[in-house]
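**Student:** Below you'll find the structure I mean.
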Amino acid sequence: EKLERVEPDSFHNKKMENILNKVERLSNHNAQDDIYDDFKYWDDPQDKYRTDEATLCPLWKFSYERAKRKHVTALCWNSQYTDLFAAGFGSCDFARNGKGLVCCYTLKNTSHPEFVVPTESGVICLDFHPKYPSLLAVGCHDGSVLVIDIKTTSKKPIYSSSLRSGQHCDPVWQIRWQDNGTSKEYK
């Protein structure tokens, strides 16, 4: 009996990837149900006997293989999607700065980042846009500023400053979206 050959593209397409991401999120949530309950409802009975102390209960450990030898240099929570945060990776040794990394994690899937973008220089600061939550501004050690759209599948920034565009070359220590004050739009 002759078997029909199934084209690999029918299994490796965007729709299938979205379905598998949802299944992975649900299975992680089921496997870590006790941790999610602790996150929402954990109360240490010993707290009533402590005066100036509180208890910190670690719930999750977020990791990514390509970020193992890098330091976390920035964190930023998304204001609209409250389970989503971005972590910037770089080096705390500013004399030997190398490549960086931006990883977006969600509490719905703690096993690996949802979105990863490598950067040419270490990341120093991050900020999600207050009105468009998929836009992430990134400040880097070499003075460059990137804008990343985490809704796209592209690993390239939608905006990137460079020495040719007239940027400065000092580290960007802080980055914020600015309200221009006239039309309630942010830049």
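The way I read the labels, and the way they are meant: chains A, B, ... in the order of the structure tokens, residue 1 as the first residue of every chain, and ligand 1 as the first ligand shown, with later ones counted on from there.
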Write out as a VMD selection string the residues lying within 8 Å of A:Trp77, counting only C-alpha atoms and excluding same-chain residues fewer than 6 positions away.
**Tutor:** chain A and resid 83 to 86 128
**Student:** What lies within 12 Å of A:Val116 using only C-alpha atoms, ignoring chain neighbours under 5 positions off, as a CSV table (one decimal) with all heavy atoms, in the first residue's frame?
**Tutor:**
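part-v4.csv, written as the output of this step:
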chain,number,residue,atom,x,y,z
A,63,SER,N,15.3,32.1,32.0
A,63,SER,CA,16.6,31.9,31.4
A,63,SER,C,16.5,31.8,29.9
A,63,SER,O,15.5,31.5,29.4
A,63,SER,CB,17.3,30.7,32.1
A,63,SER,OG,16.6,29.5,31.8
A,64,TYR,N,17.7,31.9,29.3
A,64,TYR,CA,17.8,31.8,27.8
A,64,TYR,C,19.2,31.4,27.6
A,64,TYR,O,20.1,32.1,28.0
A,64,TYR,CB,17.3,33.1,27.1
A,64,TYR,CG,17.4,33.0,25.6
A,64,TYR,CD1,16.6,32.0,25.0
A,64,TYR,CD2,18.1,33.8,24.9
A,64,TYR,CE1,16.6,31.9,23.6
A,64,TYR,CE2,18.1,33.7,23.5
A,64,TYR,CZ,17.4,32.8,22.9
A,64,TYR,OH,17.4,32.7,21.5
A,65,GLU,N,19.4,30.4,26.8
A,65,GLU,CA,20.8,29.8,26.6
A,65,GLU,C,21.7,30.8,26.0
A,65,GLU,O,22.9,30.9,26.5
A,65,GLU,CB,20.7,28.6,25.7
A,65,GLU,CG,22.0,27.8,25.6
A,65,GLU,CD,22.5,27.2,26.9
A,65,GLU,OE1,21.6,26.8,27.7
A,65,GLU,OE2,23.7,27.3,27.1
A,66,ARG,N,21.3,31.7,25.1
A,66,ARG,CA,22.2,32.6,24.5
A,66,ARG,C,22.5,33.8,25.4
A,66,ARG,O,23.4,34.6,25.1
A,66,ARG,CB,21.6,33.2,23.2
A,66,ARG,CG,21.6,32.1,22.1
A,66,ARG,CD,20.9,32.5,20.8
A,66,ARG,NE,21.3,33.8,20.4
A,66,ARG,CZ,20.6,34.6,19.6
A,66,ARG,NH1,19.4,34.1,19.1
A,66,ARG,NH2,21.0,35.8,19.2
A,67,ALA,N,21.8,33.9,26.5
A,67,ALA,CA,22.1,35.0,27.5
A,67,ALA,C,22.9,34.5,28.7
A,67,ALA,O,23.1,35.3,29.6
A,67,ALA,CB,20.8,35.6,27.9
A,86,ALA,N,10.2,42.9,29.4
A,86,ALA,CA,11.4,42.8,28.5
A,86,ALA,C,12.6,42.9,29.4
A,86,ALA,O,12.6,43.6,30.4
A,86,ALA,CB,11.4,44.0,27.6
A,87,ALA,N,13.6,42.1,29.1
A,87,ALA,CA,14.9,42.1,29.8
A,87,ALA,C,16.0,42.4,28.8
A,87,ALA,O,16.0,41.8,27.7
A,87,ALA,CB,15.1,40.7,30.4
A,88,GLY,N,16.8,43.3,29.2
A,88,GLY,CA,17.9,43.7,28.3
A,88,GLY,C,19.2,43.1,28.9
A,88,GLY,O,19.4,43.1,30.1
A,89,PHE,N,20.0,42.5,28.0
A,89,PHE,CA,21.3,41.9,28.4
A,89,PHE,C,22.5,42.6,27.8
A,89,PHE,O,22.4,43.0,26.7
A,89,PHE,CB,21.3,40.4,28.0
A,89,PHE,CG,20.2,39.6,28.6
A,89,PHE,CD1,19.0,39.5,28.1
A,89,PHE,CD2,20.5,38.9,29.8
A,89,PHE,CE1,18.0,38.7,28.7
A,89,PHE,CE2,19.5,38.1,30.4
A,89,PHE,CZ,18.3,38.0,29.8
A,100,GLY,N,24.7,42.6,22.7
A,100,GLY,CA,23.6,42.5,23.6
A,100,GLY,C,22.4,41.7,23.2
A,100,GLY,O,22.5,41.1,22.1
A,101,LEU,N,21.4,41.7,23.9
A,101,LEU,CA,20.2,40.9,23.6
A,101,LEU,C,19.0,41.5,24.3
A,101,LEU,O,19.1,42.0,25.5
A,101,LEU,CB,20.5,39.5,24.2
A,101,LEU,CG,19.7,38.3,23.7
A,101,LEU,CD1,19.9,38.1,22.2
A,101,LEU,CD2,20.1,37.0,24.4
A,102,VAL,N,17.9,41.4,23.7
A,102,VAL,CA,16.6,41.8,24.3
A,102,VAL,C,15.7,40.6,24.2
A,102,VAL,O,15.5,40.0,23.2
A,102,VAL,CB,15.9,43.0,23.5
A,102,VAL,CG1,14.5,43.3,24.1
A,102,VAL,CG2,16.8,44.2,23.5
A,103,CYS,N,15.2,40.2,25.4
A,103,CYS,CA,14.3,39.1,25.5
A,103,CYS,C,13.0,39.5,26.1
A,103,CYS,O,13.0,40.2,27.1
A,103,CYS,CB,14.9,37.9,26.4
A,103,CYS,SG,16.3,37.2,25.7
A,104,CYS,N,11.9,39.2,25.5
A,104,CYS,CA,10.5,39.5,26.1
A,104,CYS,C,10.0,38.2,26.6
A,104,CYS,O,9.8,37.2,25.9
A,104,CYS,CB,9.6,40.0,25.0
A,104,CYS,SG,10.1,41.7,24.5
A,105,TYR,N,9.7,38.2,27.9
A,105,TYR,CA,9.1,37.0,28.6
A,105,TYR,C,7.7,37.3,29.0
A,105,TYR,O,7.3,38.5,29.2
A,105,TYR,CB,9.9,36.8,29.9
A,105,TYR,CG,11.3,36.3,29.7
A,105,TYR,CD1,12.4,37.3,29.7
A,105,TYR,CD2,11.7,35.0,29.5
A,105,TYR,CE1,13.7,36.9,29.5
A,105,TYR,CE2,13.0,34.6,29.3
A,105,TYR,CZ,14.0,35.5,29.3
A,105,TYR,OH,15.3,35.1,29.1
A,148,ILE,N,11.9,48.5,18.5
A,148,ILE,CA,11.6,47.2,18.1
A,148,ILE,C,10.1,47.0,18.2
A,148,ILE,O,9.5,47.4,19.2
A,148,ILE,CB,12.3,46.1,19.1
A,148,ILE,CG1,13.8,46.3,19.0
A,148,ILE,CG2,11.9,44.7,18.7
A,148,ILE,CD1,14.6,45.6,20.0
A,149,ASP,N,9.5,46.4,17.2
A,149,ASP,CA,8.1,46.0,17.2
A,149,ASP,C,8.0,44.5,17.5
A,149,ASP,O,8.3,43.7,16.7
A,149,ASP,CB,7.4,46.3,15.9
A,149,ASP,CG,5.9,46.1,16.0
A,149,ASP,OD1,5.4,45.6,17.0
A,149,ASP,OD2,5.3,46.5,15.0
A,150,ILE,N,7.6,44.2,18.7
A,150,ILE,CA,7.6,42.8,19.2
A,150,ILE,C,6.4,42.0,18.6
A,150,ILE,O,6.4,40.8,18.7
A,150,ILE,CB,7.6,42.6,20.7
A,150,ILE,CG1,6.3,43.2,21.3
A,150,ILE,CG2,8.8,43.3,21.3
A,150,ILE,CD1,6.2,42.9,22.8
A,151,LYS,N,5.5,42.6,17.8
A,151,LYS,CA,4.4,41.9,17.1
A,151,LYS,C,4.9,41.3,15.9
A,151,LYS,O,4.3,40.3,15.4
A,151,LYS,CB,3.3,42.8,16.8
A,151,LYS,CG,2.4,43.1,18.0
A,151,LYS,CD,1.0,43.6,17.7
A,151,LYS,CE,1.0,44.7,16.7
A,151,LYS,NZ,-0.3,45.4,16.6
A,152,THR,N,6.0,41.8,15.3
A,152,THR,CA,6.5,41.3,14.0
A,152,THR,C,7.4,40.1,14.3
A,152,THR,O,7.9,39.8,15.4
A,152,THR,CB,7.3,42.3,13.3
A,152,THR,OG1,8.5,42.6,14.0
A,152,THR,CG2,6.5,43.6,13.1
A,153,THR,N,7.6,39.3,13.2
A,153,THR,CA,8.5,38.1,13.3
A,153,THR,C,9.9,38.5,13.0
A,153,THR,O,10.8,37.7,13.1
A,153,THR,CB,8.0,37.0,12.4
A,153,THR,OG1,7.9,37.5,11.1
A,153,THR,CG2,6.6,36.5,12.8
A,154,SER,N,10.1,39.7,12.5
A,154,SER,CA,11.4,40.2,12.1
A,154,SER,C,12.3,40.4,13.4
A,154,SER,O,11.8,41.0,14.4
A,154,SER,CB,11.3,41.5,11.4
A,154,SER,OG,12.6,42.0,11.1
A,155,LYS,N,13.5,40.0,13.3
A,155,LYS,CA,14.5,40.3,14.4
A,155,LYS,C,15.2,41.6,14.2
A,155,LYS,O,16.1,41.9,15.0
A,155,LYS,CB,15.5,39.1,14.5
A,155,LYS,CG,14.9,37.8,14.7
A,155,LYS,CD,14.1,37.7,16.0
A,155,LYS,CE,13.6,36.3,16.2
A,155,LYS,NZ,12.5,36.2,17.1
A,156,LYS,N,14.8,42.4,13.3
A,156,LYS,CA,15.4,43.7,13.0
A,156,LYS,C,14.6,44.8,13.6
A,156,LYS,O,13.4,44.8,13.5
A,156,LYS,CB,15.6,43.9,11.5
A,156,LYS,CG,16.6,42.9,10.9
A,156,LYS,CD,16.9,43.2,9.5
A,156,LYS,CE,17.8,42.1,9.0
A,156,LYS,NZ,18.9,42.5,8.3
A,157,PRO,N,15.2,45.8,14.2
A,157,PRO,CA,14.5,47.0,14.7
A,157,PRO,C,13.8,47.7,13.5
A,157,PRO,O,14.3,47.8,12.4
A,157,PRO,CB,15.6,47.9,15.3
A,157,PRO,CG,16.8,47.0,15.4
A,157,PRO,CD,16.7,45.9,14.4
**Student:** How far is it from atom CA of A:Phe94 to atom CA of A:Asp127, in Å with one decimal?
**Tutor:**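 We find that atom CA of A:Phe94 and atom CA of A:Asp127 lie 21.3 Å from each other.
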**Student:** For each of A:Leu107, A:Cys169, A:Cys76, A:Ile19, take the minimum atom-to-atom distance to A:Pro133, counting only C-alpha atoms, then give the residue where this is smallest.
**Tutor:**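 Counting only C-alpha atoms, the residue closest to A:Pro133 is A:Cys76.
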**Student:** Could you please determine the separation between atom CA of A:Thr106 and atom CA of A:Cys125 in Å, to one decimal place?
**Tutor:** 18.8 Å
**Student:** Fewer than 4 positions away in the same chain doesn't count, so skip those; otherwise give me all residues within 12 Å of A:Arg96, counting only C-alpha atoms, as a PyMOL selection string.
**Tutor:** chain A and resi 70+90-92+121-122+141-142
**Student:** With all heavy atoms kept, could you save the residues just selected as a PDB file, in the first residue's frame?
**Tutor:**
ATOM      1  N   LYS A  70      25.802  36.737  29.828  1.00  0.00           N
ATOM      2  CA  LYS A  70      25.518  38.165  29.831  1.00  0.00           C
ATOM      3  C   LYS A  70      24.839  38.550  31.143  1.00  0.00           C
ATOM      4  O   LYS A  70      24.242  37.720  31.809  1.00  0.00           O
ATOM      5  CB  LYS A  70      24.629  38.529  28.649  1.00  0.00           C
ATOM      6  CG  LYS A  70      25.263  38.234  27.298  1.00  0.00           C
ATOM      7  CD  LYS A  70      24.410  38.748  26.169  1.00  0.00           C
ATOM      8  CE  LYS A  70      24.940  38.420  24.812  1.00  0.00           C
ATOM      9  NZ  LYS A  70      26.347  38.600  24.602  1.00  0.00           N
ATOM     10  N   GLY A  90      23.502  42.688  28.612  1.00  0.00           N
ATOM     11  CA  GLY A  90      24.741  43.297  28.163  1.00  0.00           C
ATOM     12  C   GLY A  90      25.845  42.902  29.115  1.00  0.00           C
ATOM     13  O   GLY A  90      25.844  41.809  29.671  1.00  0.00           O
ATOM     14  N   SER A  91      26.763  43.819  29.363  1.00  0.00           N
ATOM     15  CA  SER A  91      27.876  43.562  30.257  1.00  0.00           C
ATOM     16  C   SER A  91      27.955  44.679  31.287  1.00  0.00           C
ATOM     17  O   SER A  91      27.733  45.839  30.967  1.00  0.00           O
ATOM     18  CB  SER A  91      29.183  43.497  29.472  1.00  0.00           C
ATOM     19  OG  SER A  91      30.278  43.384  30.344  1.00  0.00           O
ATOM     20  N   CYS A  92      28.266  44.309  32.508  1.00  0.00           N
ATOM     21  CA  CYS A  92      28.494  45.321  33.548  1.00  0.00           C
ATOM     22  C   CYS A  92      29.939  45.800  33.552  1.00  0.00           C
ATOM     23  O   CYS A  92      30.284  46.726  34.254  1.00  0.00           O
ATOM     24  CB  CYS A  92      28.113  44.755  34.914  1.00  0.00           C
ATOM     25  SG  CYS A  92      26.342  44.536  35.091  1.00  0.00           S
ATOM     26  N   SER A 121      25.348  46.043  20.340  1.00  0.00           N
ATOM     27  CA  SER A 121      25.997  46.545  21.551  1.00  0.00           C
ATOM     28  C   SER A 121      25.135  46.151  22.747  1.00  0.00           C
ATOM     29  O   SER A 121      23.939  45.872  22.602  1.00  0.00           O
ATOM     30  CB  SER A 121      26.127  48.063  21.457  1.00  0.00           C
ATOM     31  OG  SER A 121      26.737  48.585  22.608  1.00  0.00           O
ATOM     32  N   GLY A 122      25.735  46.144  23.928  1.00  0.00           N
ATOM     33  CA  GLY A 122      24.994  45.774  25.131  1.00  0.00           C
ATOM     34  C   GLY A 122      23.837  46.715  25.401  1.00  0.00           C
ATOM     35  O   GLY A 122      23.913  47.917  25.161  1.00  0.00           O
ATOM     36  N   HIS A 141      24.811  50.584  24.820  1.00  0.00           N
ATOM     37  CA  HIS A 141      26.084  51.058  25.342  1.00  0.00           C
ATOM     38  C   HIS A 141      26.848  51.910  24.336  1.00  0.00           C
ATOM     39  O   HIS A 141      27.541  52.864  24.714  1.00  0.00           O
ATOM     40  CB  HIS A 141      26.939  49.859  25.768  1.00  0.00           C
ATOM     41  CG  HIS A 141      28.229  50.250  26.385  1.00  0.00           C
ATOM     42  ND1 HIS A 141      29.384  50.415  25.661  1.00  0.00           N
ATOM     43  CD2 HIS A 141      28.553  50.536  27.666  1.00  0.00           C
ATOM     44  CE1 HIS A 141      30.358  50.775  26.464  1.00  0.00           C
ATOM     45  NE2 HIS A 141      29.884  50.847  27.685  1.00  0.00           N
ATOM     46  N   ASP A 142      26.732  51.629  23.052  1.00  0.00           N
ATOM     47  CA  ASP A 142      27.468  52.387  22.030  1.00  0.00           C
ATOM     48  C   ASP A 142      26.780  53.684  21.629  1.00  0.00           C
ATOM     49  O   ASP A 142      27.212  54.371  20.719  1.00  0.00           O
ATOM     50  CB  ASP A 142      27.725  51.522  20.795  1.00  0.00           C
ATOM     51  CG  ASP A 142      26.456  51.163  20.040  1.00  0.00           C
ATOM     52  OD1 ASP A 142      25.339  51.469  20.529  1.00  0.00           O
ATOM     53  OD2 ASP A 142      26.570  50.555  18.964  1.00  0.00           O
TER      54      ASP A 142
END
**Student:** Stretch 8-183 of chain A: which residues are helix (DSSP H, G or I) by DSSP, as a ChimeraX atom specification?
**Tutor:** /A:8-10,14-31,33-41,45-49,65-67,94-96,163-165
**Student:** Mind checking which residues fall within 12 Å of A:Leu26, counting only C-alpha atoms, ignoring those fewer than 3 positions away in the same chain, and posting them as a list in words?
**Tutor:**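 Skipping anything fewer than 3 positions along the chain leaves Ile19, Leu20, Asn21, Lys22, Val23, His29, Asn30, Ala31, Gln32, Asp33, Leu107, Lys108, Asn109, Thr110 and Ser111 of chain A.
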**Student:** Find the residues near A:Val138: any atom within 6 Å, counting only C-alpha atoms, skip ones fewer than 3 places away on the same chain, and give them as a ChimeraX atom specification.
**Tutor:** /A:125-126,145-146
**Student:** Please produce a file of those selected residues containing all heavy atoms, as a short mmCIF file (atom, residue, chain, number, x, y, z; two decimals), in the first residue's frame.
**Tutor:**
data_model
loop_
_atom_site.label_atom_id
_atom_site.label_comp_id
_atom_site.auth_asym_id
_atom_site.auth_seq_id
_atom_site.Cartn_x
_atom_site.Cartn_y
_atom_site.Cartn_z
N CYS A 125 19.12 50.27 28.68
CA CYS A 125 17.81 50.66 29.17
C CYS A 125 16.73 50.28 28.15
O CYS A 125 17.00 50.12 26.96
CB CYS A 125 17.76 52.15 29.49
SG CYS A 125 18.30 53.21 28.14
N LEU A 126 15.49 50.16 28.66
CA LEU A 126 14.34 49.76 27.85
C LEU A 126 13.13 50.57 28.26
O LEU A 126 13.01 50.99 29.41
CB LEU A 126 14.00 48.28 28.10
CG LEU A 126 15.05 47.23 27.86
CD1 LEU A 126 14.66 45.93 28.54
CD2 LEU A 126 15.22 47.01 26.38
N VAL A 145 20.16 53.95 19.57
CA VAL A 145 18.79 53.80 20.05
C VAL A 145 18.05 52.96 19.02
O VAL A 145 18.12 53.22 17.82
CB VAL A 145 18.10 55.17 20.23
CG1 VAL A 145 16.63 55.01 20.56
CG2 VAL A 145 18.80 55.99 21.30
N LEU A 146 17.34 51.95 19.50
CA LEU A 146 16.58 51.06 18.63
C LEU A 146 15.11 51.13 19.02
O LEU A 146 14.78 51.33 20.18
CB LEU A 146 17.06 49.61 18.80
CG LEU A 146 18.55 49.34 18.77
CD1 LEU A 146 18.82 47.89 19.15
CD2 LEU A 146 19.10 49.64 17.40
#
**Student:** Quote the spacing between atom CA of A:Leu135 and atom CA of A:Asp170 in Å to one decimal place.
**Tutor:**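 Between atom CA of A:Leu135 and atom CA of A:Asp170 the gap is 23.4 Å.
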**Student:** Using only C-alpha atoms, which residue out of A:His112, A:Leu136, A:Ala74, A:Val147 lies closest to A:Gln174?
**Tutor:**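 Answer, going by the shortest atom-to-atom distance: A:Ala74.
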